[in-house]
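Reproduced below: target.txt, with compact mmCIF, C-alpha atoms.
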# COMPACT_ATOMS: atom_id res chain seq x y z
CA MET N 800 116.30 -34.62 -20.24
CA SER N 801 115.98 -33.47 -16.66
CA PRO N 802 115.77 -36.13 -13.90
CA ASP N 803 112.86 -34.11 -12.52
CA ASN N 804 110.86 -34.92 -15.66
CA PHE N 805 111.55 -38.64 -15.21
CA ALA N 806 110.46 -38.34 -11.57
CA LEU N 807 106.99 -37.00 -12.43
CA PRO N 808 104.20 -39.29 -11.17
CA GLU N 809 102.88 -39.55 -14.76
CA ALA N 810 106.26 -40.77 -16.10
CA THR N 811 105.50 -44.46 -15.67
CA ILE N 812 105.30 -47.39 -18.08
CA LYS N 813 102.07 -49.34 -18.61
CA ASN N 814 101.06 -51.47 -21.60
CA GLY N 815 104.27 -50.45 -23.35
CA GLN N 816 103.46 -46.74 -23.11
CA LEU N 817 105.14 -43.88 -21.24
CA GLY N 818 102.53 -41.71 -19.54
CA PRO N 819 99.65 -44.20 -19.91
CA LYS N 820 97.05 -41.59 -18.94
CA GLY N 821 98.36 -39.28 -21.66
CA PRO N 822 100.17 -38.52 -23.87
CA LYS N 823 100.87 -42.30 -24.16
CA TYR N 824 104.33 -42.15 -25.76
CA LYS N 825 105.27 -45.33 -27.65
CA ALA N 826 109.05 -44.79 -27.70
CA LEU N 827 111.72 -42.40 -26.43
CA VAL N 828 114.27 -40.99 -28.91
CA ILE N 829 117.45 -39.40 -27.56
CA THR N 830 119.68 -37.61 -30.05
CA GLY N 831 123.46 -37.51 -29.89
CA ASN N 832 123.46 -33.79 -29.03
CA SER N 833 121.41 -34.42 -25.86
CA ASN N 834 122.99 -34.54 -22.40
CA LEU N 835 122.12 -37.01 -19.64
CA THR N 836 122.72 -37.17 -15.91
CA LEU N 837 123.54 -40.45 -14.21
CA GLU N 838 120.07 -40.53 -12.71
CA GLY N 839 118.58 -39.95 -16.16
CA VAL N 840 120.44 -42.95 -17.59
CA GLN N 841 119.17 -45.07 -14.71
CA TYR N 842 115.58 -44.08 -15.48
CA LEU N 843 116.10 -45.07 -19.12
CA ARG N 844 117.35 -48.53 -18.09
CA LYS N 845 114.29 -48.85 -15.87
CA TYR N 846 112.00 -48.02 -18.81
CA ALA N 847 113.80 -50.45 -21.11
CA ARG N 848 113.48 -53.27 -18.56
CA ALA N 849 109.73 -52.55 -18.49
CA GLY N 850 109.61 -53.19 -22.26
CA PHE N 851 109.66 -49.57 -23.44
CA PRO N 852 111.76 -48.86 -26.59
CA VAL N 853 114.61 -46.37 -26.14
CA ILE N 854 116.35 -45.21 -29.32
CA LEU N 855 119.75 -43.48 -29.30
CA SER N 856 120.04 -41.51 -32.55
CA GLY N 857 123.21 -40.08 -34.10
CA GLY N 858 125.66 -41.18 -31.41
CA ASP N 859 125.82 -41.42 -27.64
CA PRO N 860 124.32 -38.58 -25.57
CA GLY N 861 126.71 -36.37 -23.64
CA PHE N 862 127.46 -35.83 -19.97
CA TYR N 863 125.45 -33.44 -17.82
CA ALA N 864 126.72 -32.83 -14.32
CA SER N 865 124.41 -33.02 -11.31
CA TYR N 866 124.83 -33.44 -7.59
CA ASP N 867 124.97 -37.25 -7.83
CA SER N 868 126.62 -37.69 -11.23
CA ARG N 869 130.07 -38.04 -9.60
CA ASP N 870 132.05 -37.69 -12.85
CA ARG N 871 131.92 -37.99 -16.60
CA ALA N 872 133.35 -41.51 -16.55
CA SER N 873 130.47 -42.86 -14.43
CA VAL N 874 127.85 -41.45 -16.84
CA GLU N 875 129.68 -42.74 -19.91
CA LYS N 876 129.95 -46.20 -18.31
CA ALA N 877 126.23 -46.15 -17.49
CA ILE N 878 125.41 -45.22 -21.11
CA SER N 879 127.60 -48.07 -22.33
CA VAL N 880 125.66 -50.50 -20.13
CA LEU N 881 122.39 -48.95 -21.30
CA LYS N 882 123.28 -49.62 -24.94
CA GLN N 883 123.64 -53.34 -24.18
CA SER N 884 120.20 -53.50 -22.57
CA LYS N 885 117.18 -55.12 -24.17
CA ASN N 886 114.79 -52.68 -25.89
CA VAL N 887 117.59 -50.10 -26.36
CA TYR N 888 118.61 -49.40 -29.97
CA SER N 889 121.40 -47.28 -31.49
CA VAL N 890 120.78 -45.88 -34.99
CA ALA N 891 122.43 -43.34 -37.27
CA ALA N 892 120.98 -39.84 -37.57
CA GLY N 893 117.97 -39.90 -39.90
CA GLU N 894 117.24 -43.59 -39.29
CA VAL N 895 114.73 -43.23 -36.45
CA ALA N 896 111.63 -43.62 -38.63
CA LYS N 897 112.99 -46.86 -40.14
CA LYS N 898 113.70 -48.27 -36.68
CA LEU N 899 110.23 -47.33 -35.39
CA HIS N 900 108.69 -49.04 -38.42
CA SER N 901 110.76 -52.20 -37.83
CA LEU N 902 109.50 -52.25 -34.23
CA GLY N 903 105.91 -52.12 -35.48
CA LEU N 904 105.36 -48.64 -34.02
CA SER N 905 103.26 -46.11 -35.92
CA PRO N 906 102.29 -42.58 -34.91
CA ARG N 907 98.81 -41.82 -33.58
CA VAL N 908 98.75 -39.00 -36.15
CA GLY N 909 100.54 -39.97 -39.37
CA VAL N 910 101.45 -37.33 -41.96
CA LYS N 911 101.94 -37.39 -45.74
CA THR N 912 102.68 -33.94 -47.16
CA ASN N 913 104.83 -32.04 -49.63
CA GLY N 914 105.67 -29.58 -46.85
CA THR N 915 106.44 -29.76 -43.13
CA TRP N 916 103.64 -30.40 -40.64
CA TYR N 917 103.91 -30.79 -36.88
CA THR N 918 101.28 -32.75 -34.95
CA THR N 919 100.19 -33.18 -31.35
CA TRP N 920 97.60 -35.54 -29.87
CA ARG N 921 95.59 -34.80 -26.72
CA GLU N 922 92.87 -36.77 -24.92
CA ASP N 923 90.27 -35.16 -22.66
CA THR N 924 88.76 -38.02 -20.69
CA VAL N 925 86.56 -35.67 -18.64
CA HIS N 926 84.62 -34.53 -21.72
CA GLY N 927 85.21 -37.66 -23.80
CA MET N 928 86.97 -35.67 -26.50
CA ASP N 929 90.25 -36.26 -28.32
CA HIS N 930 92.14 -33.67 -30.36
CA ALA N 931 94.70 -33.81 -33.15
CA PHE N 932 96.57 -30.53 -33.68
CA VAL N 933 98.22 -30.05 -37.09
CA PHE N 934 100.53 -27.05 -37.70
CA CYS N 935 101.92 -26.17 -41.14
CA ASP N 936 105.40 -24.67 -41.04
CA THR N 937 106.10 -21.52 -43.10
CA ASN N 938 105.06 -22.54 -46.63
CA ALA N 939 101.68 -23.60 -47.98
CA SER N 940 101.43 -27.34 -48.59
CA THR N 941 98.97 -30.16 -49.22
CA GLY N 942 98.72 -33.73 -48.04
CA SER N 943 96.78 -35.86 -45.59
CA VAL N 944 96.80 -37.04 -42.00
CA SER N 945 95.96 -40.56 -40.90
CA ILE N 946 94.61 -40.60 -37.35
CA LEU N 947 94.03 -43.73 -35.30
CA SER N 948 90.47 -43.35 -33.97
CA THR N 949 87.07 -44.99 -34.36
CA LYS N 950 85.23 -41.93 -33.05
CA THR N 951 83.36 -39.36 -35.15
CA PRO N 952 85.67 -36.59 -36.45
CA PHE N 953 84.81 -32.90 -36.47
CA LEU N 954 86.61 -29.58 -36.92
CA LEU N 955 87.29 -27.10 -34.14
CA ASP N 956 88.00 -23.55 -35.28
CA PRO N 957 91.06 -22.45 -33.24
CA TRP N 958 90.04 -18.80 -33.61
CA THR N 959 86.32 -18.97 -32.73
CA GLY N 960 85.95 -22.30 -30.95
CA ASP N 961 83.14 -23.28 -33.33
CA LYS N 962 82.58 -27.01 -33.77
CA LYS N 963 81.61 -28.25 -37.23
CA PRO N 964 81.31 -31.73 -38.73
CA LEU N 965 84.20 -32.94 -40.85
CA LEU N 966 82.72 -33.38 -44.33
CA ASN N 967 85.61 -34.99 -46.24
CA TYR N 968 87.48 -38.08 -45.00
CA GLN N 969 87.94 -41.81 -45.50
CA ARG N 970 87.75 -44.72 -43.07
CA LYS N 971 90.40 -47.44 -43.25
CA ASP N 972 90.31 -50.07 -40.52
CA ASP N 973 90.58 -48.12 -37.24
CA SER N 974 91.96 -44.95 -38.85
CA VAL N 975 90.52 -41.78 -40.33
CA ILE N 976 92.34 -40.38 -43.38
CA ILE N 977 91.79 -36.64 -43.84
CA PRO N 978 93.05 -34.60 -46.84
CA LEU N 979 94.29 -31.11 -45.92
CA SER N 980 95.48 -28.05 -47.78
CA LEU N 981 97.19 -25.67 -45.35
CA ALA N 982 98.60 -22.17 -45.61
CA GLY N 983 101.96 -21.34 -44.09
CA ASN N 984 101.69 -21.06 -40.27
CA GLN N 985 98.12 -22.38 -40.29
CA THR N 986 96.80 -24.63 -37.52
CA VAL N 987 93.99 -27.15 -37.85
CA ILE N 988 92.35 -28.85 -34.88
CA ILE N 989 90.49 -32.11 -35.54
CA GLY N 990 88.35 -33.40 -32.69
CA PHE N 991 86.93 -36.88 -32.08
CA GLN N 992 83.91 -37.84 -29.99
CA ASP N 993 81.59 -40.81 -29.51
CA GLU N 994 78.60 -39.12 -31.08
CA SER N 995 76.72 -39.39 -34.34
CA GLY N 996 77.71 -37.08 -37.18
CA PRO N 997 76.17 -36.49 -40.60
CA LYS N 998 74.63 -39.62 -42.14
CA VAL N 999 76.88 -39.26 -45.19
CA HIS N 1000 80.24 -37.63 -45.90
CA VAL N 1001 82.48 -37.04 -48.90
CA THR N 1002 85.29 -39.53 -49.49
CA GLN N 1003 86.63 -38.05 -52.74
CA THR N 1004 86.24 -34.32 -53.18
CA SER N 1005 86.90 -31.55 -55.71
CA SER N 1006 88.77 -28.25 -55.56
CA ALA N 1007 85.40 -26.62 -56.25
CA VAL N 1008 84.20 -27.49 -52.72
CA LEU N 1009 84.87 -24.46 -50.52
CA GLY N 1010 83.16 -25.67 -47.37
CA GLY N 1011 79.76 -26.60 -46.06
CA ASP N 1012 77.75 -27.60 -43.05
CA SER N 1013 75.33 -30.22 -41.78
CA THR N 1014 71.55 -30.03 -41.39
CA SER N 1015 69.47 -30.99 -38.38
CA ASN N 1016 68.40 -34.28 -40.02
CA GLY N 1017 71.98 -35.41 -40.75
CA ASP N 1018 72.35 -34.32 -44.38
CA ILE N 1019 75.24 -32.12 -45.47
CA VAL N 1020 75.21 -29.02 -47.66
CA LEU N 1021 78.36 -28.30 -49.68
CA HIS N 1022 79.39 -24.89 -51.01
CA ILE N 1023 80.50 -25.28 -54.63
CA SER N 1024 82.48 -22.56 -56.43
CA ALA N 1025 83.22 -22.10 -60.11
CA SER N 1026 85.90 -24.46 -61.40
CA THR N 1027 86.96 -26.45 -64.40
CA PRO N 1028 85.02 -29.71 -64.90
CA SER N 1029 86.12 -32.35 -62.41
CA LYS N 1030 85.35 -35.92 -61.43
CA PRO N 1031 82.10 -36.55 -59.52
CA LEU N 1032 82.13 -36.39 -55.76
CA SER N 1033 82.35 -39.80 -54.08
CA LEU N 1034 80.23 -40.33 -50.98
CA SER N 1035 80.51 -42.71 -48.04
CA ASN N 1036 77.24 -44.39 -49.09
CA GLY N 1037 78.79 -45.41 -52.41
CA LYS N 1038 77.01 -42.76 -54.48
CA HIS N 1039 78.71 -40.42 -56.94
CA ILE N 1040 77.44 -36.86 -57.36
CA LYS N 1041 78.20 -34.58 -60.30
CA VAL N 1042 79.71 -31.21 -59.37
CA PRO N 1043 77.37 -28.34 -60.32
CA THR N 1044 78.51 -26.00 -63.08
CA GLY N 1045 77.54 -22.48 -64.13
CA VAL N 1046 78.60 -20.87 -60.84
CA ALA N 1047 79.55 -17.18 -60.95
CA SER N 1048 83.29 -16.59 -61.01
CA ALA N 1049 85.35 -14.97 -58.27
CA THR N 1050 85.99 -11.23 -58.45
CA LYS N 1051 88.79 -9.12 -57.04
CA LEU N 1052 87.67 -6.20 -54.88
CA SER N 1053 89.30 -2.90 -55.80
CA ASN N 1054 89.00 0.87 -55.33
CA TRP N 1055 89.74 0.81 -51.63
CA THR N 1056 89.53 3.81 -49.33
CA LEU N 1057 91.99 3.71 -46.44
CA THR N 1058 91.39 5.88 -43.42
CA ALA N 1059 94.66 5.76 -41.48
CA GLU N 1060 94.41 6.56 -37.78
CA HIS N 1061 97.90 7.83 -36.83
CA TRP N 1062 99.10 7.15 -33.27
CA GLU N 1063 101.79 9.65 -32.30
CA ALA N 1064 103.50 10.85 -29.14
CA PRO N 1065 101.88 13.83 -27.41
CA GLN N 1066 103.69 17.17 -27.47
CA ASN N 1067 105.00 16.39 -23.99
CA MET N 1068 106.35 12.85 -24.45
CA PHE N 1069 106.75 12.44 -20.68
CA ASP N 1070 103.08 13.09 -19.85
CA ALA N 1071 101.93 9.53 -19.05
CA SER N 1072 98.29 10.59 -18.72
CA ILE N 1073 98.01 10.80 -22.54
CA ILE N 1074 98.13 7.47 -24.38
CA ALA N 1075 98.70 9.01 -27.81
CA ASP N 1076 97.73 11.87 -30.06
CA LYS N 1077 95.54 10.58 -32.88
CA HIS N 1078 94.60 12.05 -36.23
CA ASN N 1079 93.25 10.62 -39.47
CA THR N 1080 94.27 10.85 -43.09
CA THR N 1081 92.43 9.40 -46.10
CA HIS N 1082 94.08 7.53 -48.96
CA HIS N 1083 92.54 6.06 -52.14
CA LEU N 1084 94.17 2.78 -53.19
CA SER N 1085 93.81 0.94 -56.47
CA SER N 1086 95.58 -2.01 -54.83
CA LEU N 1087 96.34 -3.01 -51.25
CA ILE N 1088 99.98 -2.15 -50.59
CA SER N 1089 102.03 -1.69 -47.44
CA TRP N 1090 101.87 1.57 -45.50
CA ALA N 1091 105.62 1.76 -46.10
CA GLN N 1092 104.81 2.36 -49.80
CA ILE N 1093 102.09 4.98 -49.28
CA GLU N 1094 103.12 8.62 -49.26
CA GLY N 1095 102.34 10.11 -45.86
CA LEU N 1096 102.26 6.72 -44.12
CA LYS N 1097 105.86 5.53 -44.53
CA ASN N 1098 106.71 6.50 -40.96
CA ALA N 1099 103.19 6.16 -39.53
CA SER N 1100 101.76 3.67 -37.07
CA GLY N 1101 98.20 3.13 -35.92
CA LEU N 1102 95.00 1.59 -37.25
CA GLY N 1103 93.94 1.18 -40.85
CA TYR N 1104 90.24 1.26 -41.78
CA TYR N 1105 89.93 -0.21 -45.29
CA SER N 1106 86.58 -0.01 -47.09
CA THR N 1107 85.13 -0.76 -50.50
CA THR N 1108 81.85 -1.96 -52.01
CA PHE N 1109 80.61 -4.69 -54.32
CA SER N 1110 77.28 -5.47 -55.96
CA TRP N 1111 75.19 -8.54 -55.09
CA PRO N 1112 73.97 -10.82 -56.57
CA PRO N 1113 76.26 -11.28 -59.58
CA PRO N 1114 74.65 -10.60 -63.00
CA LYS N 1115 72.67 -13.59 -64.27
CA SER N 1116 74.90 -13.67 -67.31
CA SER N 1117 77.94 -14.47 -65.12
CA GLY N 1118 76.40 -17.49 -63.38
CA LYS N 1119 74.50 -18.68 -60.33
CA ALA N 1120 75.22 -17.87 -56.68
CA ASP N 1121 73.57 -18.76 -53.37
CA GLY N 1122 76.22 -17.11 -51.24
CA ALA N 1123 79.87 -16.11 -51.20
CA TYR N 1124 83.13 -16.31 -49.30
CA LEU N 1125 85.33 -13.29 -48.77
CA VAL N 1126 88.97 -14.36 -49.04
CA LEU N 1127 91.65 -12.04 -47.63
CA PRO N 1128 95.43 -12.20 -47.98
CA PRO N 1129 97.41 -13.53 -44.99
CA ILE N 1130 97.17 -11.00 -42.16
CA LYS N 1131 100.42 -9.78 -40.61
CA HIS N 1132 99.15 -8.77 -37.19
CA ALA N 1133 95.37 -8.86 -36.70
CA ALA N 1134 92.14 -7.78 -38.41
CA ARG N 1135 88.44 -7.31 -37.87
CA LEU N 1136 86.05 -7.82 -40.78
CA TYR N 1137 82.69 -6.09 -41.22
CA ILE N 1138 80.04 -6.64 -43.91
CA ASN N 1139 77.34 -3.96 -44.08
CA GLY N 1140 78.18 -2.94 -40.54
CA HIS N 1141 78.03 -6.48 -39.10
CA GLN N 1142 81.20 -7.69 -37.42
CA LEU N 1143 82.11 -11.22 -38.48
CA PRO N 1144 83.67 -13.84 -36.18
CA PRO N 1145 87.48 -13.84 -35.77
CA LEU N 1146 89.48 -14.82 -38.84
CA ASP N 1147 92.23 -17.39 -39.22
CA LEU N 1148 95.15 -14.99 -39.73
CA ALA N 1149 97.14 -17.50 -41.81
CA ALA N 1150 94.24 -18.28 -44.16
CA PRO N 1151 91.60 -15.57 -43.62
CA ARG N 1152 88.31 -16.54 -45.22
CA ALA N 1153 84.71 -15.94 -44.18
CA ASP N 1154 81.30 -17.09 -45.38
CA VAL N 1155 79.49 -13.77 -45.80
CA ALA N 1156 76.17 -15.15 -47.10
CA PRO N 1157 74.20 -14.26 -43.92
CA TYR N 1158 75.21 -10.60 -44.25
CA LEU N 1159 74.63 -9.99 -47.97
CA ARG N 1160 71.86 -7.78 -49.30
CA VAL N 1161 70.62 -7.05 -52.79
CA GLY N 1162 72.46 -4.08 -54.29
CA GLN N 1163 75.59 -2.45 -52.94
CA ASN N 1164 77.39 -4.13 -50.05
CA GLN N 1165 80.12 -2.51 -47.97
CA VAL N 1166 83.26 -4.30 -46.80
CA THR N 1167 85.35 -2.86 -43.98
CA VAL N 1168 88.58 -4.37 -42.70
CA VAL N 1169 90.26 -2.87 -39.63
CA ALA N 1170 93.95 -3.76 -39.44
CA PRO N 1171 96.48 -2.50 -36.86
CA THR N 1172 100.12 -1.79 -37.60
CA THR N 1173 103.21 -2.14 -35.44
CA MET N 1174 104.50 0.99 -33.72
CA TRP N 1175 108.07 0.58 -35.02
CA ASN N 1176 107.72 2.66 -38.20
CA TYR N 1177 106.79 5.67 -36.09
CA ILE N 1178 108.97 4.91 -33.05
CA ARG N 1179 112.13 4.78 -35.19
CA THR N 1180 111.57 8.46 -36.13
CA ILE N 1181 111.56 9.62 -32.50
CA LEU N 1182 113.98 7.08 -31.02
CA GLY N 1183 116.53 9.84 -30.30
CA ASP N 1184 114.00 11.64 -28.09
CA ILE N 1185 113.04 8.59 -26.04
CA LYS N 1186 114.60 8.04 -22.62
CA ASN N 1187 114.69 4.84 -20.60
CA SER N 1188 115.48 5.67 -16.96
CA ASP N 1189 117.03 8.86 -18.32
CA THR N 1190 119.32 6.91 -20.67
CA THR N 1191 119.28 6.23 -24.40
CA PRO N 1192 117.24 3.15 -25.42
CA LEU N 1193 119.40 0.02 -25.53
CA LEU N 1194 118.67 -0.50 -29.24
CA SER N 1195 120.37 2.77 -30.08
CA ILE N 1196 123.44 1.70 -28.12
CA ILE N 1197 123.93 -1.84 -29.39
CA SER N 1198 123.03 -1.26 -33.06
CA PRO N 1199 124.90 1.25 -35.26
CA THR N 1200 122.00 1.28 -37.73
CA LEU N 1201 118.29 1.07 -37.00
CA PRO N 1202 116.21 -1.84 -38.33
CA PRO N 1203 114.36 -0.78 -41.51
CA ARG N 1204 110.69 0.06 -41.77
CA SER N 1205 108.39 -2.96 -41.57
CA ASP N 1206 105.53 -3.71 -43.94
CA ASN N 1207 102.21 -2.85 -42.34
CA GLY N 1208 98.52 -3.00 -43.03
CA LEU N 1209 96.41 -5.11 -45.37
CA ILE N 1210 98.64 -6.25 -48.25
CA GLY N 1211 97.55 -8.29 -51.28
CA GLU N 1212 94.22 -9.16 -52.89
CA VAL N 1213 90.74 -9.53 -51.44
CA LYS N 1214 88.41 -11.77 -53.45
CA LEU N 1215 84.69 -12.41 -53.41
CA VAL N 1216 84.11 -16.07 -54.30
CA PRO N 1217 80.45 -16.97 -55.06
CA TYR N 1218 79.12 -20.47 -54.42
CA VAL N 1219 76.00 -22.57 -54.94
CA LYS N 1220 74.65 -25.01 -52.37
CA LEU N 1221 74.66 -28.75 -53.02
CA ARG N 1222 72.61 -30.82 -50.58
CA LEU N 1223 73.74 -34.43 -50.12
CA GLU N 1224 71.16 -36.79 -48.70
CA ALA N 1225 71.95 -40.21 -47.28
With the file now loaded, output its structure as structure tokens.
Amino acid sequence: MSPDNFALPEATIKNGQLGPKGPKYKALVITGNSNLTLEGVQYLRKYARAGFPVILSGGDPGFYASYDSRDRASVEKAISVLKQSKNVYSVAAGEVAKKLHSLGLSPRVGVKTNGTWYTTWREDTVHGMDHAFVFCDTNASTGSVSILSTKTPFLLDPWTGDKKPLLNYQRKDDSVIIPLSLAGNQTVIIGFQDESGPKVHVTQTSSAVLGGDSTSNGDIVLHISASTPSKPLSLSNGKHIKVPTGVASATKLSNWTLTAEHWEAPQNMFDASIIADKHNTTHHLSSLISWAQIEGLKNASGLGYYSTTFSWPPPKSSGKADGAYLVLPPIKHAARLYINGHQLPPLDLAAPRADVAPYLRVGQNQVTVVAPTTMWNYIRTILGDIKNSDTTPLLSIISPTLPPRSDNGLIGEVKLVPYVKLRLEA
């Protein structure tokens, strides 16, 4: 709560909002473990007099000395006066949401989830575009966000920058309600613009819907995977569409070949002209496990080239398919995906999935995933030989035992999930 932040030219009150040009805060919450300067308290009184709600949560904030704070007593007296001011409220810890609700204040981006999601709202007046950022903390969870906007929603891929129409949402008054299913550490960016989108969208969906896109004439095409029978899809035009059945089931890719590119120190570790000595070893894997579990790679670091094949299309006896998604396990560091030699766009590392339909060919198809590893598993084996300004690395000095090996590489299952296309016309 620095006075310099209060002194920013944007830190003004207009129409009951702090920072009226953005981010348009509706209230200021100060927790009991915060510290305030005298000047900071004076700014808060100024905001409150302008009609802006200030909420003190979990007790009075503490004293923070500055050049004009004089002493603790003066700050504590100023806080006492602040608490008696109009538009200043004191609540117990955990009671902020109730107080905001009683004041008639609701978030621009509301959240209902069985996990923990963090949101941020941004407005780009230059390009006429608003953005809602939603981040899922640690564990996978489901729920919905309710966003106050009358503009057309779309999805922005945070990894590629691609813009796609949002196919599944509901309108309620001036809000858009969007169901989400997020992996741990996944980010979703929802954009809003004053432009026309598809003529129809889904308002009640099914777990069989993997994704989709829009056509040039405003229709949408959904990608439907195999699933147990479900309720019909509900559309914004009031229609109900039966979910197609008889789609080929997902298959797990196996029999991987790993070519491990080892990065090791040159014979002369102090020759800075050589980045690393590199050599390859080949490993056949029935399942994708960590390098730390593979003989010959436990203390290795470098790049892993994983490859396998699958046949396309699926046998007619197993069901229909117009295309497929390749679904990877969460990626620890980074990865590049290739299908039949074609590099695909960047993957969402928290929920890596790619529509591979444009790259499929009849017969055998090759999948290649290139995944780097951290250097620690190798560095820990030569730590005693490393010098930092002719001294032992600090880690060796401060820690009696070295950190253990870390899991590296592509770990888990890779699945091929076929889909059929369902065109929805307005």
> In Å, with one decimal, what is the gap from atom CA of Gly1208 of chain N to atom CA of Lys1131 of chain N?
Replying inline: 7.4 Å
> Can you list, as a list of chain:residue names, every protein, DNA or RNA residue that comes within 7 Å of segment 1146-1150 of chain N when you count only C-alpha atoms, leaving out same-chain residues fewer than 4 positions away?
Replying inline: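 After dropping sequence-adjacent residues, the list is N:Trp958, N:Ala982, N:Gly983, N:Asn984, N:Gln985, N:Pro1129, N:Ile1130, N:Ala1133.
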>> Give me, as a ChimeraX atom specification, all polymer residues having an atom no more than 9 Å from Thr918 of chain N, counting only C-alpha atoms and skipping those fewer than 3 positions away in the same chain.
In response: /N:908-910,931-934
>> For a cutoff of 6 Å around the file-coordinate point (89.8, -13.6, -45.4), which residues qualify once you count all atoms listed in the file? I'd like the result as a PyMOL selection string.
In response: chain N and resi 1125-1127+1151-1153
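Ranking N:Asn1207, N:Thr941, N:Ser1026, N:Asn1054 by their shortest atom-to-atom distance to Thr1108 of chain N, with all atoms listed in the file included, puts N:Asn1054 first.
If you measure from each of N:Asp972, N:Asp1070, N:Glu1224, N:Asp961 to Val1020 of chain N using all atoms listed in the file, the closest one turns out to be N:Glu1224.
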>> Let me make sure I understand: among N:Gly893, N:Gly818, N:Pro1112, N:Pro1203, which one has the smallest atom-to-atom distance to Gln1163 of chain N if we use all atoms listed in the file?
In response: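 Ranked by minimum distance to Gln1163 of chain N, first place goes to N:Pro1112.
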>> Let me make sure I understand: among N:Thr949, N:Thr1044, N:Gln1092, N:Ser1013, which one has the smallest atom-to-atom distance to Leu1223 of chain N if we use only C-alpha atoms?
In response: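 Among N:Thr949, N:Thr1044, N:Gln1092, N:Ser1013, it is N:Ser1013 that comes nearest to Leu1223 of chain N.
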> Which distance in Å separates atom CA of Pro964 of chain N and atom CA of Gly1037 of chain N, to one decimal?
Replying inline: 19.5 Å
> To one decimal place, how far is atom CA of Ala1099 of chain N from atom CA of Asp1076 of chain N in Å?
Replying inline: 12.3 Å
> Between N:Thr1027, N:Ser833, N:Gln992, N:Ser1116, which is the closest to Ala1007 of chain N once you count all atoms listed in the file?
Replying inline: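 The shortest atom-to-atom distance to Ala1007 of chain N comes from N:Thr1027.
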>> Neighbouring residues of Gln1142 of chain N were defined as those with any atom within 10 Å, considering all atoms listed in the file; residues of the same chain fewer than 6 positions away were excluded. Please report them as a ChimeraX atom specification.
In response: /N:1135-1136,1158,1167-1168
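Of the listed residues N:Pro1217, N:Gly996, N:Ile946, N:Ala1170, the one whose atoms come nearest to Ser1024 of chain N is N:Pro1217, with distances taken using only C-alpha atoms.
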Near Ala872 of chain N, within 12 Å and counting all atoms listed in the file, which residues show up once chain neighbours fewer than 5 positions away are dropped, as a PDB file with C-alpha atoms, keeping the file's coordinate frame?
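Okay, this is what ended up in around_27.pdb:
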ATOM      1  CA  THR N 836     122.720 -37.170 -15.910  1.00  0.00           C
ATOM      2  CA  LEU N 837     123.540 -40.450 -14.210  1.00  0.00           C
ATOM      3  CA  GLY N 861     126.710 -36.370 -23.640  1.00  0.00           C
ATOM      4  CA  PHE N 862     127.460 -35.830 -19.970  1.00  0.00           C
ATOM      5  CA  TYR N 863     125.450 -33.440 -17.820  1.00  0.00           C
ATOM      6  CA  ALA N 864     126.720 -32.830 -14.320  1.00  0.00           C
ATOM      7  CA  ALA N 877     126.230 -46.150 -17.490  1.00  0.00           C
ATOM      8  CA  ILE N 878     125.410 -45.220 -21.110  1.00  0.00           C
ATOM      9  CA  SER N 879     127.600 -48.070 -22.330  1.00  0.00           C
TER      10      SER N 879
END
> Quick one: residues within 12 Å of Phe1069 of chain N, only C-alpha atoms counted, chain neighbours fewer than 3 positions away excluded, as a list in words?
Replying inline: Ala1064, Pro1065, Gln1066, Ser1072, Ile1073, Ile1074, Ala1075, Asp1184, Ile1185, Lys1186, Asn1187, Ser1188 and Asp1189 of chain N
Edge lengths and centre in Å to one decimal, as lines of an AutoDock Vina configuration file, of the axis-aligned box that encloses all listed atoms of segment 1108-1115 of chain N with 3 Å added on every side?
center_x = 77.3
center_y = -7.8
center_z = -58.1
size_x = 15.2
size_y = 17.6
size_z = 18.3
